[in-house]
Structures are given as C-alpha cells and as structure tokens.
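Visitor: Quick one, final-v7.tsv (TSV, N, CA and C atoms):
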chain	number	residue	atom	x	y	z
A	17	MET	N	5.10	9.49	-5.02
A	17	MET	CA	4.58	10.73	-4.49
A	17	MET	C	3.89	10.43	-3.17
A	18	SER	N	4.06	11.34	-2.21
A	18	SER	CA	3.45	11.19	-0.89
A	18	SER	C	2.49	12.34	-0.62
A	19	PRO	N	1.21	12.19	-0.96
A	19	PRO	CA	0.27	13.28	-0.69
A	19	PRO	C	-0.21	13.28	0.76
A	20	THR	N	-0.41	14.46	1.29
A	20	THR	CA	-1.00	14.64	2.60
A	20	THR	C	-2.06	15.73	2.45
A	21	ALA	N	-3.24	15.50	2.98
A	21	ALA	CA	-4.33	16.47	2.81
A	21	ALA	C	-5.11	16.63	4.11
A	22	LEU	N	-5.66	17.82	4.27
A	22	LEU	CA	-6.51	18.14	5.40
A	22	LEU	C	-7.65	19.00	4.86
A	23	ALA	N	-8.87	18.69	5.26
A	23	ALA	CA	-10.04	19.47	4.82
A	23	ALA	C	-10.94	19.77	6.01
A	24	ILE	N	-11.51	20.97	6.01
A	24	ILE	CA	-12.45	21.40	7.04
A	24	ILE	C	-13.76	21.73	6.34
A	25	ASP	N	-14.83	21.06	6.73
A	25	ASP	CA	-16.15	21.25	6.12
A	25	ASP	C	-17.11	21.88	7.12
A	26	TRP	N	-18.07	22.65	6.59
A	26	TRP	CA	-19.11	23.22	7.42
A	26	TRP	C	-20.38	23.40	6.60
A	27	GLY	N	-21.48	23.57	7.27
A	27	GLY	CA	-22.74	23.79	6.57
A	27	GLY	C	-23.82	24.29	7.50
A	28	VAL	N	-24.74	25.07	6.93
A	28	VAL	CA	-25.89	25.60	7.66
A	28	VAL	C	-27.11	25.44	6.76
A	29	LYS	N	-28.20	24.99	7.35
A	29	LYS	CA	-29.45	24.85	6.61
A	29	LYS	C	-30.58	25.40	7.47
A	30	TRP	N	-31.41	26.29	6.86
A	30	TRP	CA	-32.48	26.91	7.63
A	30	TRP	C	-33.58	27.40	6.71
A	31	ARG	N	-34.78	26.89	6.87
A	31	ARG	CA	-35.97	27.32	6.13
A	31	ARG	C	-35.77	27.43	4.62
A	32	GLY	N	-35.22	26.39	4.04
A	32	GLY	CA	-35.03	26.35	2.59
A	32	GLY	C	-33.76	26.99	2.08
A	33	PHE	N	-32.97	27.59	2.97
A	33	PHE	CA	-31.70	28.20	2.60
A	33	PHE	C	-30.58	27.31	3.10
A	34	SER	N	-29.53	27.13	2.31
A	34	SER	CA	-28.37	26.39	2.79
A	34	SER	C	-27.08	27.04	2.33
A	35	PHE	N	-26.08	26.90	3.16
A	35	PHE	CA	-24.74	27.41	2.89
A	35	PHE	C	-23.77	26.32	3.30
A	36	ASN	N	-22.96	25.84	2.37
A	36	ASN	CA	-22.00	24.77	2.64
A	36	ASN	C	-20.63	25.22	2.15
A	37	GLY	N	-19.60	24.79	2.84
A	37	GLY	CA	-18.27	25.16	2.40
A	37	GLY	C	-17.22	24.16	2.85
A	38	GLN	N	-16.06	24.29	2.25
A	38	GLN	CA	-14.92	23.45	2.59
A	38	GLN	C	-13.65	24.25	2.34
A	39	TYR	N	-12.69	24.14	3.25
A	39	TYR	CA	-11.35	24.69	3.05
A	39	TYR	C	-10.38	23.52	3.12
A	40	PHE	N	-9.43	23.48	2.20
A	40	PHE	CA	-8.52	22.34	2.17
A	40	PHE	C	-7.07	22.79	2.09
A	41	PHE	N	-6.19	21.91	2.55
A	41	PHE	CA	-4.74	22.08	2.49
A	41	PHE	C	-4.17	20.80	1.91
A	42	ARG	N	-3.18	20.90	1.00
A	42	ARG	CA	-2.60	19.70	0.40
A	42	ARG	C	-1.09	19.89	0.22
A	43	TRP	N	-0.34	18.88	0.65
A	43	TRP	CA	1.11	18.86	0.50
A	43	TRP	C	1.48	17.68	-0.39
A	44	LEU	N	2.35	17.90	-1.37
A	44	LEU	CA	2.83	16.84	-2.26
A	44	LEU	C	4.35	16.86	-2.26
A	45	ASN	N	4.97	15.66	-2.19
A	45	ASN	CA	6.43	15.55	-2.24
A	45	ASN	C	6.82	14.14	-2.67
A	46	ASN	N	8.12	13.88	-2.71
A	46	ASN	CA	8.65	12.58	-3.14
A	46	ASN	C	8.13	12.19	-4.52
A	47	PHE	N	8.25	13.12	-5.47
A	47	PHE	CA	7.77	12.89	-6.83
A	47	PHE	C	8.60	11.81	-7.53
A	48	ARG	N	7.96	11.03	-8.37
A	48	ARG	CA	8.64	10.06	-9.23
A	48	ARG	C	8.55	10.58	-10.65
A	49	ALA	N	9.70	10.75	-11.30
A	49	ALA	CA	9.72	11.34	-12.64
A	49	ALA	C	10.84	10.71	-13.47
A	50	ASP	N	10.74	10.86	-14.79
A	50	ASP	CA	11.75	10.33	-15.70
A	50	ASP	C	12.96	11.24	-15.83
A	51	GLY	N	12.85	12.46	-15.35
A	51	GLY	CA	13.93	13.43	-15.45
A	51	GLY	C	13.87	14.40	-14.28
A	52	PRO	N	14.70	15.43	-14.34
A	52	PRO	CA	14.70	16.40	-13.24
A	52	PRO	C	13.39	17.19	-13.16
A	53	ILE	N	13.02	17.56	-11.95
A	53	ILE	CA	11.82	18.39	-11.75
A	53	ILE	C	12.26	19.67	-11.03
A	54	PRO	N	11.53	20.78	-11.23
A	54	PRO	CA	12.00	22.06	-10.71
A	54	PRO	C	11.84	22.26	-9.20
A	55	VAL	N	10.97	21.49	-8.56
A	55	VAL	CA	10.77	21.64	-7.11
A	55	VAL	C	10.72	20.26	-6.45
A	56	PRO	N	11.20	20.16	-5.21
A	56	PRO	CA	11.13	18.87	-4.52
A	56	PRO	C	9.76	18.60	-3.89
A	57	SER	N	8.97	19.66	-3.70
A	57	SER	CA	7.66	19.51	-3.07
A	57	SER	C	6.81	20.75	-3.38
A	58	THR	N	5.52	20.63	-3.11
A	58	THR	CA	4.61	21.75	-3.34
A	58	THR	C	3.48	21.71	-2.31
A	59	PHE	N	2.88	22.86	-2.10
A	59	PHE	CA	1.78	23.01	-1.17
A	59	PHE	C	0.71	23.86	-1.84
A	60	ASP	N	-0.54	23.47	-1.72
A	60	ASP	CA	-1.63	24.31	-2.19
A	60	ASP	C	-2.79	24.24	-1.20
A	61	HIS	N	-3.65	25.23	-1.29
A	61	HIS	CA	-4.82	25.28	-0.42
A	61	HIS	C	-5.90	26.06	-1.15
A	62	GLY	N	-7.14	25.89	-0.71
A	62	GLY	CA	-8.23	26.58	-1.37
A	62	GLY	C	-9.56	26.28	-0.70
A	63	PHE	N	-10.62	26.72	-1.37
A	63	PHE	CA	-11.94	26.55	-0.79
A	63	PHE	C	-12.98	26.31	-1.87
A	64	GLU	N	-14.12	25.83	-1.44
A	64	GLU	CA	-15.31	25.75	-2.29
A	64	GLU	C	-16.51	26.11	-1.43
A	65	THR	N	-17.50	26.74	-2.06
A	65	THR	CA	-18.70	27.17	-1.36
A	65	THR	C	-19.92	26.95	-2.25
A	66	VAL	N	-21.00	26.50	-1.64
A	66	VAL	CA	-22.28	26.35	-2.34
A	66	VAL	C	-23.35	27.06	-1.50
A	67	VAL	N	-24.11	27.92	-2.14
A	67	VAL	CA	-25.22	28.62	-1.51
A	67	VAL	C	-26.48	28.27	-2.29
A	68	SER	N	-27.56	27.93	-1.59
A	68	SER	CA	-28.79	27.57	-2.29
A	68	SER	C	-30.02	28.05	-1.53
A	69	GLN	N	-31.12	28.18	-2.27
A	69	GLN	CA	-32.39	28.60	-1.69
A	69	GLN	C	-33.52	27.93	-2.48
A	70	PHE	N	-34.45	27.29	-1.76
A	70	PHE	CA	-35.63	26.74	-2.41
A	70	PHE	C	-36.57	27.89	-2.75
A	71	VAL	N	-36.94	28.02	-4.02
A	71	VAL	CA	-37.90	29.06	-4.43
A	71	VAL	C	-39.32	28.49	-4.46
A	72	VAL	N	-39.45	27.21	-4.70
A	72	VAL	CA	-40.71	26.48	-4.55
A	72	VAL	C	-40.38	25.33	-3.59
A	73	PRO	N	-40.89	25.36	-2.35
A	73	PRO	CA	-40.50	24.37	-1.36
A	73	PRO	C	-40.56	22.93	-1.86
A	74	LYS	N	-39.46	22.20	-1.66
A	74	LYS	CA	-39.29	20.78	-1.99
A	74	LYS	C	-39.38	20.48	-3.49
A	75	LYS	N	-39.39	21.52	-4.36
A	75	LYS	CA	-39.47	21.28	-5.80
A	75	LYS	C	-38.39	22.00	-6.60
A	76	TRP	N	-38.24	23.31	-6.42
A	76	TRP	CA	-37.30	24.10	-7.22
A	76	TRP	C	-36.31	24.83	-6.31
A	77	GLU	N	-35.03	24.63	-6.62
A	77	GLU	CA	-33.97	25.22	-5.83
A	77	GLU	C	-33.01	25.96	-6.75
A	78	LEU	N	-32.63	27.16	-6.38
A	78	LEU	CA	-31.58	27.90	-7.08
A	78	LEU	C	-30.30	27.77	-6.27
A	79	TYR	N	-29.18	27.64	-6.96
A	79	TYR	CA	-27.92	27.53	-6.23
A	79	TYR	C	-26.78	28.18	-6.99
A	80	GLY	N	-25.75	28.51	-6.26
A	80	GLY	CA	-24.51	29.03	-6.83
A	80	GLY	C	-23.34	28.30	-6.20
A	81	HIS	N	-22.30	28.10	-6.98
A	81	HIS	CA	-21.13	27.35	-6.53
A	81	HIS	C	-19.89	28.10	-6.98
A	82	THR	N	-18.90	28.18	-6.11
A	82	THR	CA	-17.63	28.78	-6.49
A	82	THR	C	-16.50	28.05	-5.78
A	83	SER	N	-15.31	28.13	-6.34
A	83	SER	CA	-14.14	27.53	-5.71
A	83	SER	C	-12.90	28.29	-6.15
A	84	PHE	N	-11.84	28.13	-5.39
A	84	PHE	CA	-10.59	28.82	-5.68
A	84	PHE	C	-9.45	28.00	-5.11
A	85	VAL	N	-8.33	27.92	-5.84
A	85	VAL	CA	-7.15	27.20	-5.39
A	85	VAL	C	-5.95	28.14	-5.46
A	86	LEU	N	-5.21	28.22	-4.37
A	86	LEU	CA	-3.95	28.95	-4.32
A	86	LEU	C	-2.87	27.88	-4.44
A	87	ALA	N	-2.19	27.84	-5.59
A	87	ALA	CA	-1.29	26.72	-5.87
A	87	ALA	C	0.17	27.14	-6.02
A	88	ASN	N	1.01	26.13	-6.11
A	88	ASN	CA	2.44	26.26	-6.39
A	88	ASN	C	3.22	27.03	-5.35
A	89	SER	N	2.84	26.91	-4.09
A	89	SER	CA	3.66	27.45	-3.01
A	89	SER	C	4.69	26.39	-2.67
A	90	GLN	N	5.95	26.76	-2.64
A	90	GLN	CA	7.01	25.78	-2.40
A	90	GLN	C	7.34	25.71	-0.90
A	91	PHE	N	7.70	24.53	-0.46
A	91	PHE	CA	8.24	24.38	0.89
A	91	PHE	C	9.35	23.34	0.83
A	92	LEU	N	10.21	23.32	1.81
A	92	LEU	CA	11.33	22.38	1.81
A	92	LEU	C	11.10	21.25	2.78
So, in terms of structure tokens, how does the structure I just supplied come out?

Guide:
Amino acid sequence: MSPTALAIDWGVKWRGFSFNGQYFFRWLNNFRADGPIPVPSTFDHGFETVVSQFVVPKKWELYGHTSFVLANSQFL
C-alpha cells in the first residue's frame, strides 16, 4: 500500500480561550491482498476541532472536541 497524506493545522489562543483545528487529505492505493478487492484506490478527507476555555485561570478548563471523516471516494 502507498499512502499519501496532507494535513493543514491552525490554532488561536487568547485570554484563556483556544480554538485548534486540522483538515486532512489521504490517498491510498497499491493494496496488497489475498484476493480481489473492489477498488484500486481510495481517497478520504476530514477535520478535527478542539475549542476550550479556562473557567478558573491555570486550573480548570472546559473543552469540546469533534471530528468528521468523508470516506470511500474513489479515484483512478
């Protein structure tokens, strides 16, 4: 298998608030298998995001995290 990946990261931090994220792209091909496979290659992409805020400075932080992947897009 020959994976190729690209990721773009960013982040902002200001007065106890932070926002971080990443968007990625991934291509997979040249699979090695014991039998036939339905596709010669695949492409997927997605993102992840984390948002946080200190409610007690330097002691307690609340945060939320989410991610999503768009998968199984075929290319030749």

Visitor: If I take CA of Arg31 (chain A) and CA of Glu77 (chain A), how far is one from the other in Å, to one decimal?

Guide: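 CA of Arg31 (chain A) sits 12.3 Å away from CA of Glu77 (chain A).
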
Visitor: Nearest residue to Pro73 (chain A) out of A:Leu22, A:Gly32, A:Tyr39, A:Asn45, using only C-alpha atoms?

Guide: A:Gly32

Visitor: Kindly indicate which residue among A:Phe35, A:Phe47, A:Val55, A:Thr82 lies nearest to Ser68 (chain A), using all atoms listed in the file for the distances.

Guide: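 Of the candidates, the smallest distance to Ser68 (chain A) is held by A:Phe35.
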
Visitor: Could you tell me which of A:Arg48, A:Gly80, A:Ala87, A:Lys74 comes closest to His61 (chain A) if we count all atoms listed in the file?

Guide: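 Ranking A:Arg48, A:Gly80, A:Ala87, A:Lys74 by distance to His61 (chain A), first place goes to A:Ala87.
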
Visitor: Check the smallest atom-to-atom distance from each of A:Ala23, A:Val28, A:Leu78, A:Leu86 to Phe40 (chain A) using all atoms listed in the file, then report the winner.

Guide: A:Ala23

Visitor: Taking only N, CA and C atoms into account, which of A:Val85, A:Leu44, A:Val71, A:Ile24 comes nearest Ser57 (chain A)?

Guide: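 Looking at the shortest contact to Ser57 (chain A), the residue is A:Leu44.
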
Visitor: If we count only C-alpha atoms, what is near Thr65 (chain A) at a cut-off of 7 Å, once residues fewer than 5 positions away on the same chain are taken out, given as a PyMOL selection string?

Guide: chain A and resi 36-38+81-83

Visitor: Once you have the residues from the selection above, write them out as a PDB file, in the coordinates of the input, restricted to N, CA and C atoms.

Guide:
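Done, and the output landed in part-v2.pdb:
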ATOM      1  N   ASN A  36     -22.960  25.840   2.370  1.00  0.00           N
ATOM      2  CA  ASN A  36     -22.000  24.770   2.640  1.00  0.00           C
ATOM      3  C   ASN A  36     -20.630  25.220   2.150  1.00  0.00           C
ATOM      4  N   GLY A  37     -19.600  24.790   2.840  1.00  0.00           N
ATOM      5  CA  GLY A  37     -18.270  25.160   2.400  1.00  0.00           C
ATOM      6  C   GLY A  37     -17.220  24.160   2.850  1.00  0.00           C
ATOM      7  N   GLN A  38     -16.060  24.290   2.250  1.00  0.00           N
ATOM      8  CA  GLN A  38     -14.920  23.450   2.590  1.00  0.00           C
ATOM      9  C   GLN A  38     -13.650  24.250   2.340  1.00  0.00           C
ATOM     10  N   HIS A  81     -22.300  28.100  -6.980  1.00  0.00           N
ATOM     11  CA  HIS A  81     -21.130  27.350  -6.530  1.00  0.00           C
ATOM     12  C   HIS A  81     -19.890  28.100  -6.980  1.00  0.00           C
ATOM     13  N   THR A  82     -18.900  28.180  -6.110  1.00  0.00           N
ATOM     14  CA  THR A  82     -17.630  28.780  -6.490  1.00  0.00           C
ATOM     15  C   THR A  82     -16.500  28.050  -5.780  1.00  0.00           C
ATOM     16  N   SER A  83     -15.310  28.130  -6.340  1.00  0.00           N
ATOM     17  CA  SER A  83     -14.140  27.530  -5.710  1.00  0.00           C
ATOM     18  C   SER A  83     -12.900  28.290  -6.150  1.00  0.00           C
TER      19      SER A  83
END

Visitor: Figure out the distance between atom C of Asp25 (chain A) and atom N of Gln69 (chain A), please, to one decimal in Å.

Guide: 18.0 Å

Visitor: Quote the spacing between atom N of Gly62 (chain A) and CA of Phe41 (chain A) in Å to one decimal place.

Guide: 5.5 Å

Visitor: Pick the closest to Trp43 (chain A) from A:Trp26, A:Trp76, A:Phe70, A:Phe59: which is it, counting all atoms listed in the file?

Guide: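 Using all atoms listed in the file, Trp43 (chain A) sits closest to A:Phe59.
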
Visitor: List every residue of chain A that DSSP, applied to the backbone, labels as strand (DSSP E), and write the result as a ChimeraX atom specification.

Guide: /A:20-30,33-45,57-72,76-89

Visitor: For the residues in that selection, give me N, CA and C atoms as a short mmCIF file (atom, residue, chain, number, x, y, z; two decimals), in the coordinates of the input.

Guide:
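Okay, this is what ended up in result37.cif:
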data_model
loop_
_atom_site.label_atom_id
_atom_site.label_comp_id
_atom_site.auth_asym_id
_atom_site.auth_seq_id
_atom_site.Cartn_x
_atom_site.Cartn_y
_atom_site.Cartn_z
N THR A 20 -0.41 14.46 1.29
CA THR A 20 -1.00 14.64 2.60
C THR A 20 -2.06 15.73 2.45
N ALA A 21 -3.24 15.50 2.98
CA ALA A 21 -4.33 16.47 2.81
C ALA A 21 -5.11 16.63 4.11
N LEU A 22 -5.66 17.82 4.27
CA LEU A 22 -6.51 18.14 5.40
C LEU A 22 -7.65 19.00 4.86
N ALA A 23 -8.87 18.69 5.26
CA ALA A 23 -10.04 19.47 4.82
C ALA A 23 -10.94 19.77 6.01
N ILE A 24 -11.51 20.97 6.01
CA ILE A 24 -12.45 21.40 7.04
C ILE A 24 -13.76 21.73 6.34
N ASP A 25 -14.83 21.06 6.73
CA ASP A 25 -16.15 21.25 6.12
C ASP A 25 -17.11 21.88 7.12
N TRP A 26 -18.07 22.65 6.59
CA TRP A 26 -19.11 23.22 7.42
C TRP A 26 -20.38 23.40 6.60
N GLY A 27 -21.48 23.57 7.27
CA GLY A 27 -22.74 23.79 6.57
C GLY A 27 -23.82 24.29 7.50
N VAL A 28 -24.74 25.07 6.93
CA VAL A 28 -25.89 25.60 7.66
C VAL A 28 -27.11 25.44 6.76
N LYS A 29 -28.20 24.99 7.35
CA LYS A 29 -29.45 24.85 6.61
C LYS A 29 -30.58 25.40 7.47
N TRP A 30 -31.41 26.29 6.86
CA TRP A 30 -32.48 26.91 7.63
C TRP A 30 -33.58 27.40 6.71
N PHE A 33 -32.97 27.59 2.97
CA PHE A 33 -31.70 28.20 2.60
C PHE A 33 -30.58 27.31 3.10
N SER A 34 -29.53 27.13 2.31
CA SER A 34 -28.37 26.39 2.79
C SER A 34 -27.08 27.04 2.33
N PHE A 35 -26.08 26.90 3.16
CA PHE A 35 -24.74 27.41 2.89
C PHE A 35 -23.77 26.32 3.30
N ASN A 36 -22.96 25.84 2.37
CA ASN A 36 -22.00 24.77 2.64
C ASN A 36 -20.63 25.22 2.15
N GLY A 37 -19.60 24.79 2.84
CA GLY A 37 -18.27 25.16 2.40
C GLY A 37 -17.22 24.16 2.85
N GLN A 38 -16.06 24.29 2.25
CA GLN A 38 -14.92 23.45 2.59
C GLN A 38 -13.65 24.25 2.34
N TYR A 39 -12.69 24.14 3.25
CA TYR A 39 -11.35 24.69 3.05
C TYR A 39 -10.38 23.52 3.12
N PHE A 40 -9.43 23.48 2.20
CA PHE A 40 -8.52 22.34 2.17
C PHE A 40 -7.07 22.79 2.09
N PHE A 41 -6.19 21.91 2.55
CA PHE A 41 -4.74 22.08 2.49
C PHE A 41 -4.17 20.80 1.91
N ARG A 42 -3.18 20.90 1.00
CA ARG A 42 -2.60 19.70 0.40
C ARG A 42 -1.09 19.89 0.22
N TRP A 43 -0.34 18.88 0.65
CA TRP A 43 1.11 18.86 0.50
C TRP A 43 1.48 17.68 -0.39
N LEU A 44 2.35 17.90 -1.37
CA LEU A 44 2.83 16.84 -2.26
C LEU A 44 4.35 16.86 -2.26
N ASN A 45 4.97 15.66 -2.19
CA ASN A 45 6.43 15.55 -2.24
C ASN A 45 6.82 14.14 -2.67
N SER A 57 8.97 19.66 -3.70
CA SER A 57 7.66 19.51 -3.07
C SER A 57 6.81 20.75 -3.38
N THR A 58 5.52 20.63 -3.11
CA THR A 58 4.61 21.75 -3.34
C THR A 58 3.48 21.71 -2.31
N PHE A 59 2.88 22.86 -2.10
CA PHE A 59 1.78 23.01 -1.17
C PHE A 59 0.71 23.86 -1.84
N ASP A 60 -0.54 23.47 -1.72
CA ASP A 60 -1.63 24.31 -2.19
C ASP A 60 -2.79 24.24 -1.20
N HIS A 61 -3.65 25.23 -1.29
CA HIS A 61 -4.82 25.28 -0.42
C HIS A 61 -5.90 26.06 -1.15
N GLY A 62 -7.14 25.89 -0.71
CA GLY A 62 -8.23 26.58 -1.37
C GLY A 62 -9.56 26.28 -0.70
N PHE A 63 -10.62 26.72 -1.37
CA PHE A 63 -11.94 26.55 -0.79
C PHE A 63 -12.98 26.31 -1.87
N GLU A 64 -14.12 25.83 -1.44
CA GLU A 64 -15.31 25.75 -2.29
C GLU A 64 -16.51 26.11 -1.43
N THR A 65 -17.50 26.74 -2.06
CA THR A 65 -18.70 27.17 -1.36
C THR A 65 -19.92 26.95 -2.25
N VAL A 66 -21.00 26.50 -1.64
CA VAL A 66 -22.28 26.35 -2.34
C VAL A 66 -23.35 27.06 -1.50
N VAL A 67 -24.11 27.92 -2.14
CA VAL A 67 -25.22 28.62 -1.51
C VAL A 67 -26.48 28.27 -2.29
N SER A 68 -27.56 27.93 -1.59
CA SER A 68 -28.79 27.57 -2.29
C SER A 68 -30.02 28.05 -1.53
N GLN A 69 -31.12 28.18 -2.27
CA GLN A 69 -32.39 28.60 -1.69
C GLN A 69 -33.52 27.93 -2.48
N PHE A 70 -34.45 27.29 -1.76
CA PHE A 70 -35.63 26.74 -2.41
C PHE A 70 -36.57 27.89 -2.75
N VAL A 71 -36.94 28.02 -4.02
CA VAL A 71 -37.90 29.06 -4.43
C VAL A 71 -39.32 28.49 -4.46
N VAL A 72 -39.45 27.21 -4.70
CA VAL A 72 -40.71 26.48 -4.55
C VAL A 72 -40.38 25.33 -3.59
N TRP A 76 -38.24 23.31 -6.42
CA TRP A 76 -37.30 24.10 -7.22
C TRP A 76 -36.31 24.83 -6.31
N GLU A 77 -35.03 24.63 -6.62
CA GLU A 77 -33.97 25.22 -5.83
C GLU A 77 -33.01 25.96 -6.75
N LEU A 78 -32.63 27.16 -6.38
CA LEU A 78 -31.58 27.90 -7.08
C LEU A 78 -30.30 27.77 -6.27
N TYR A 79 -29.18 27.64 -6.96
CA TYR A 79 -27.92 27.53 -6.23
C TYR A 79 -26.78 28.18 -6.99
N GLY A 80 -25.75 28.51 -6.26
CA GLY A 80 -24.51 29.03 -6.83
C GLY A 80 -23.34 28.30 -6.20
N HIS A 81 -22.30 28.10 -6.98
CA HIS A 81 -21.13 27.35 -6.53
C HIS A 81 -19.89 28.10 -6.98
N THR A 82 -18.90 28.18 -6.11
CA THR A 82 -17.63 28.78 -6.49
C THR A 82 -16.50 28.05 -5.78
N SER A 83 -15.31 28.13 -6.34
CA SER A 83 -14.14 27.53 -5.71
C SER A 83 -12.90 28.29 -6.15
N PHE A 84 -11.84 28.13 -5.39
CA PHE A 84 -10.59 28.82 -5.68
C PHE A 84 -9.45 28.00 -5.11
N VAL A 85 -8.33 27.92 -5.84
CA VAL A 85 -7.15 27.20 -5.39
C VAL A 85 -5.95 28.14 -5.46
N LEU A 86 -5.21 28.22 -4.37
CA LEU A 86 -3.95 28.95 -4.32
C LEU A 86 -2.87 27.88 -4.44
N ALA A 87 -2.19 27.84 -5.59
CA ALA A 87 -1.29 26.72 -5.87
C ALA A 87 0.17 27.14 -6.02
N ASN A 88 1.01 26.13 -6.11
CA ASN A 88 2.44 26.26 -6.39
C ASN A 88 3.22 27.03 -5.35
N SER A 89 2.84 26.91 -4.09
CA SER A 89 3.66 27.45 -3.01
C SER A 89 4.69 26.39 -2.67
#
